[in-house]
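Heads up, data-v9.csv below (CSV, C-alpha atoms):
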chain,number,residue,atom,x,y,z
A,17,MET,CA,2.3,-2.2,12.3
A,18,PRO,CA,-1.1,-0.5,13.0
A,19,GLY,CA,0.3,1.0,16.2
A,20,LEU,CA,2.8,3.1,14.1
A,21,TRP,CA,-0.1,5.1,12.6
A,22,ARG,CA,-1.9,5.7,15.9
A,23,ASN,CA,1.1,6.5,18.1
A,24,PRO,CA,0.8,9.9,19.7
A,25,ASP,CA,4.5,10.5,19.2
A,26,CYS,CA,4.2,10.7,15.4
A,27,PRO,CA,3.4,14.4,15.3
A,28,ARG,CA,6.3,15.2,17.6
A,29,ASN,CA,9.1,14.4,15.1
A,30,ASP,CA,10.0,11.2,16.9
A,31,ASN,CA,13.1,10.1,15.0
A,32,GLN,CA,13.2,6.7,16.9
A,33,LEU,CA,9.7,5.9,15.8
A,34,PHE,CA,10.5,7.0,12.2
A,35,ALA,CA,13.6,4.8,12.2
A,36,ALA,CA,11.6,1.8,13.6
A,37,GLY,CA,9.2,2.2,10.7
A,38,LEU,CA,12.1,2.2,8.2
A,39,ARG,CA,13.5,-1.0,9.9
A,40,THR,CA,10.1,-2.6,9.7
A,41,TYR,CA,9.9,-1.8,6.0
A,42,ALA,CA,13.4,-3.2,5.3
A,43,THR,CA,12.6,-6.4,7.2
A,44,ALA,CA,9.4,-6.9,5.4
A,45,ILE,CA,10.9,-6.4,2.0
A,46,GLY,CA,13.5,-9.0,2.9
A,47,GLU,CA,10.7,-11.5,3.5
A,48,ILE,CA,9.4,-11.4,0.0
A,49,ASP,CA,10.1,-14.6,-1.9
A,50,HIS,CA,11.4,-15.1,-5.4
A,51,ARG,CA,7.8,-15.0,-6.9
A,52,GLY,CA,7.0,-11.7,-5.0
A,53,ALA,CA,4.8,-13.3,-2.4
A,54,PHE,CA,4.9,-12.9,1.4
A,55,PRO,CA,5.1,-16.6,2.4
A,56,THR,CA,3.5,-15.9,5.8
A,57,GLU,CA,0.6,-14.3,4.1
A,58,MET,CA,0.2,-17.2,1.6
A,59,ASP,CA,-0.4,-19.4,4.7
A,60,ARG,CA,-3.7,-17.6,5.1
A,61,HIS,CA,-5.5,-20.2,3.0
A,62,GLU,CA,-8.5,-18.8,1.1
A,63,LEU,CA,-7.5,-15.3,2.2
A,64,ALA,CA,-3.9,-15.4,1.0
A,65,LEU,CA,-4.5,-12.6,-1.6
A,66,HIS,CA,-6.4,-10.5,0.8
A,67,SER,CA,-3.5,-10.9,3.3
A,68,GLN,CA,-0.9,-10.1,0.6
A,69,ALA,CA,-2.7,-6.8,-0.1
A,70,PHE,CA,-3.1,-6.1,3.6
A,71,ALA,CA,0.6,-6.6,4.2
A,72,ILE,CA,1.5,-4.3,1.3
A,73,GLU,CA,-0.6,-1.4,2.6
A,74,PRO,CA,1.6,-0.2,5.5
A,75,LEU,CA,4.7,-0.7,3.4
A,76,VAL,CA,3.5,1.6,0.7
A,77,MET,CA,2.5,4.1,3.3
A,78,ILE,CA,5.8,3.9,5.1
A,79,ALA,CA,7.6,4.5,1.8
A,80,GLU,CA,5.3,7.4,1.0
A,81,LEU,CA,5.8,9.0,4.4
A,82,ALA,CA,9.6,8.6,4.0
A,83,ARG,CA,9.4,10.1,0.5
A,84,ARG,CA,7.6,13.1,2.0
A,85,GLN,CA,10.5,13.5,4.5
A,86,GLY,CA,13.0,13.4,1.6
A,87,LEU,CA,14.0,9.8,1.9
A,88,GLU,CA,13.3,7.6,-1.2
A,89,ILE,CA,12.8,4.0,-0.1
A,90,PHE,CA,10.2,2.7,-2.6
A,91,ASP,CA,13.0,1.1,-4.5
A,92,LEU,CA,14.9,-0.2,-1.4
A,93,GLU,CA,16.4,-3.7,-2.1
A,94,GLU,CA,16.6,-6.4,0.6
A,95,HIS,CA,17.8,-9.9,-0.4
A,96,LYS,CA,17.4,-8.9,-4.0
A,97,ARG,CA,13.7,-8.1,-3.4
A,98,HIS,CA,11.8,-4.8,-3.8
A,99,LEU,CA,8.3,-3.7,-2.9
A,100,SER,CA,7.5,-3.7,-6.6
A,101,ASP,CA,7.9,-7.5,-6.5
A,102,ALA,CA,5.2,-8.0,-3.9
A,103,ILE,CA,2.9,-5.5,-5.7
A,104,GLY,CA,3.5,-7.2,-9.1
A,105,PHE,CA,2.7,-10.6,-7.6
A,106,LEU,CA,-0.5,-9.3,-6.2
A,107,SER,CA,-1.7,-7.8,-9.5
A,108,ARG,CA,-0.8,-11.0,-11.4
A,109,ALA,CA,-2.5,-13.2,-8.7
A,110,ILE,CA,-5.7,-11.0,-8.7
A,111,ALA,CA,-5.8,-11.5,-12.5
A,112,ASP,CA,-5.0,-15.2,-12.2
A,113,PRO,CA,-5.7,-16.6,-8.6
A,114,ARG,CA,-4.2,-20.0,-9.7
A,115,LEU,CA,-0.8,-18.4,-9.0
A,116,VAL,CA,-1.5,-18.8,-5.3
A,117,LYS,CA,-2.0,-22.6,-5.8
A,118,LYS,CA,1.8,-22.9,-5.4
A,119,TYR,CA,1.3,-21.9,-1.8
A,120,THR,CA,-2.2,-23.0,-0.8
A,121,PRO,CA,-4.7,-25.3,-2.4
A,122,GLU,CA,-7.7,-23.3,-1.3
A,123,GLU,CA,-9.7,-21.3,-3.8
A,124,GLN,CA,-9.0,-17.6,-3.2
A,125,GLN,CA,-11.8,-15.3,-2.2
A,126,ILE,CA,-11.7,-12.5,-4.6
A,127,ASP,CA,-14.1,-10.5,-2.5
A,128,PRO,CA,-15.0,-6.8,-2.9
A,129,ASP,CA,-11.8,-5.9,-1.1
A,130,LEU,CA,-9.8,-6.8,-4.2
A,131,ARG,CA,-12.1,-5.2,-6.8
A,132,PRO,CA,-12.3,-1.7,-8.2
A,133,GLY,CA,-13.1,0.9,-5.6
A,134,SER,CA,-11.8,-1.4,-2.8
A,135,ASN,CA,-11.2,-0.3,0.7
A,136,LEU,CA,-8.2,-2.6,0.9
A,137,LEU,CA,-6.5,-1.2,-2.1
A,138,GLY,CA,-6.3,2.5,-1.1
A,139,TRP,CA,-2.5,2.2,-1.0
A,140,ALA,CA,-2.6,1.5,-4.8
A,141,GLU,CA,-3.3,5.2,-5.4
A,142,PHE,CA,0.0,6.1,-3.7
A,143,TRP,CA,1.8,3.3,-5.6
A,144,ASN,CA,0.3,4.4,-8.9
A,145,ALA,CA,1.3,8.1,-8.2
A,146,TYR,CA,4.9,6.9,-7.6
A,147,SER,CA,5.1,4.2,-10.3
A,148,PRO,CA,2.2,4.2,-12.8
A,149,ASP,CA,1.4,0.6,-13.7
A,150,PRO,CA,-1.1,-0.4,-16.3
A,151,ALA,CA,-1.9,-3.5,-14.2
A,152,TRP,CA,-3.6,-1.3,-11.6
A,153,GLN,CA,-5.5,0.9,-14.0
A,154,ASP,CA,-8.8,-1.1,-13.9
A,155,LEU,CA,-8.7,-1.2,-10.1
A,156,LEU,CA,-8.2,2.6,-10.0
A,157,GLN,CA,-11.2,3.4,-12.1
A,158,LYS,CA,-13.3,4.2,-9.1
A,159,PRO,CA,-12.2,6.5,-6.2
A,160,LEU,CA,-10.7,4.6,-3.3
A,161,TYR,CA,-11.7,5.3,0.2
A,162,ASP,CA,-9.8,3.6,3.0
A,163,ARG,CA,-10.8,4.2,6.5
A,164,VAL,CA,-7.5,2.9,7.8
A,165,LEU,CA,-5.7,5.5,5.7
A,166,GLY,CA,-8.1,8.2,7.0
A,167,GLY,CA,-10.5,8.6,4.1
A,168,SER,CA,-10.2,9.3,0.4
A,169,ALA,CA,-6.9,7.7,-0.8
A,170,THR,CA,-7.6,9.0,-4.3
A,171,LEU,CA,-7.7,12.6,-3.0
A,172,TYR,CA,-4.7,12.1,-0.7
A,173,ALA,CA,-2.5,10.7,-3.4
A,174,ALA,CA,-3.5,13.2,-6.1
A,175,PRO,CA,-0.7,15.5,-7.2
A,176,VAL,CA,-0.9,19.1,-6.1
A,177,SER,CA,-0.6,21.2,-9.3
A,178,GLU,CA,-0.1,24.5,-7.4
A,179,LYS,CA,0.0,25.8,-3.9
A,180,PRO,CA,-3.6,26.0,-2.7
A,181,GLN,CA,-4.8,29.5,-1.9
A,182,PRO,CA,-6.4,30.0,1.6
A,183,VAL,CA,-10.1,30.4,1.4
A,184,SER,CA,-12.3,31.4,4.3
A,185,ALA,CA,-15.3,29.2,5.2
A,186,ASP,CA,-17.6,32.0,4.2
A,187,GLU,CA,-16.1,32.2,0.7
A,188,SER,CA,-16.1,28.5,0.2
A,189,LEU,CA,-19.9,28.4,0.8
A,190,ARG,CA,-20.7,30.9,-1.9
What's the structure tokens form of this structure?
Amino acid sequence: MPGLWRNPDCPRNDNQLFAAGLRTYATAIGEIDHRGAFPTEMDRHELALHSQAFAIEPLVMIAELARRQGLEIFDLEEHKRHLSDAIGFLSRAIADPRLVKKYTPEEQQIDPDLRPGSNLLGWAEFWNAYSPDPAWQDLLQKPLYDRVLGGSATLYAAPVSEKPQPVSADESLR
């Protein structure tokens, strides 16, 4: 998945690459189990929650990129599963890590990556912009910066209220 974001063909309107991203998204959604977990990620022992969040990140971004191209896939259903199932499982499991005990006996590391202002949860800004969810409000109290997403996820996901007016560098420094 990381290669999708770094591929030099992205800026060239590569429809095959875009289609590959959509297929990857659909395949991943089909892998979500009846509880909302990605079983492969739950095999990551004490890092199962971290891995669930890491697996969700490119899916939210693929859906967001598709939405910006006029294609709505956030609610795509595969095998009666949706992206919201995986995100819901993650929010419930962060609140109650015992939910992961059904998959792995290890104590989950709820490290800084799964706390407010987390680098790993930058995608939650895009999800919240698409589907406001009270379960994520505490995690979104601090701005989220994600180097993988290219910087301030809070800024990138913010709605644009009006078309920005061009300003010269000289004017912006005054």
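For the pair atom CA of A:Phe105 and atom CA of A:Arg51, the separation is 6.8 Å.
Shortest separation to A:Arg97 among A:His50, A:His66, A:Arg60, A:Arg114 occurs at residue A:His50, atoms counted being only C-alpha atoms.
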Counting only C-alpha atoms, the residue of A:Ile103, A:Ala169, A:Leu136, A:Ala79 that sits nearest A:Ile48: A:Ile103
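With only C-alpha atoms as the atoms that count, the residue of A:Tyr41, A:Tyr172, A:Phe70, A:Tyr161 with the shortest distance to A:Ala145 is A:Tyr172.
The space separating atom CA of A:Phe90 from atom CA of A:Pro55 comes to 20.6 Å.
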Residue contacts of stretch 106-108 of chain A (9 Å, all atoms listed in the file) excluding same-chain residues fewer than 2 positions away, as a PyMOL selection string: chain A and resi 52-53+65+68-69+101-104+110-113+115+151-152
Closest of A:Leu171, A:Leu165, A:Leu160, A:Ala35 to A:Leu87 - atom-to-atom distances counting only C-alpha atoms: A:Ala35
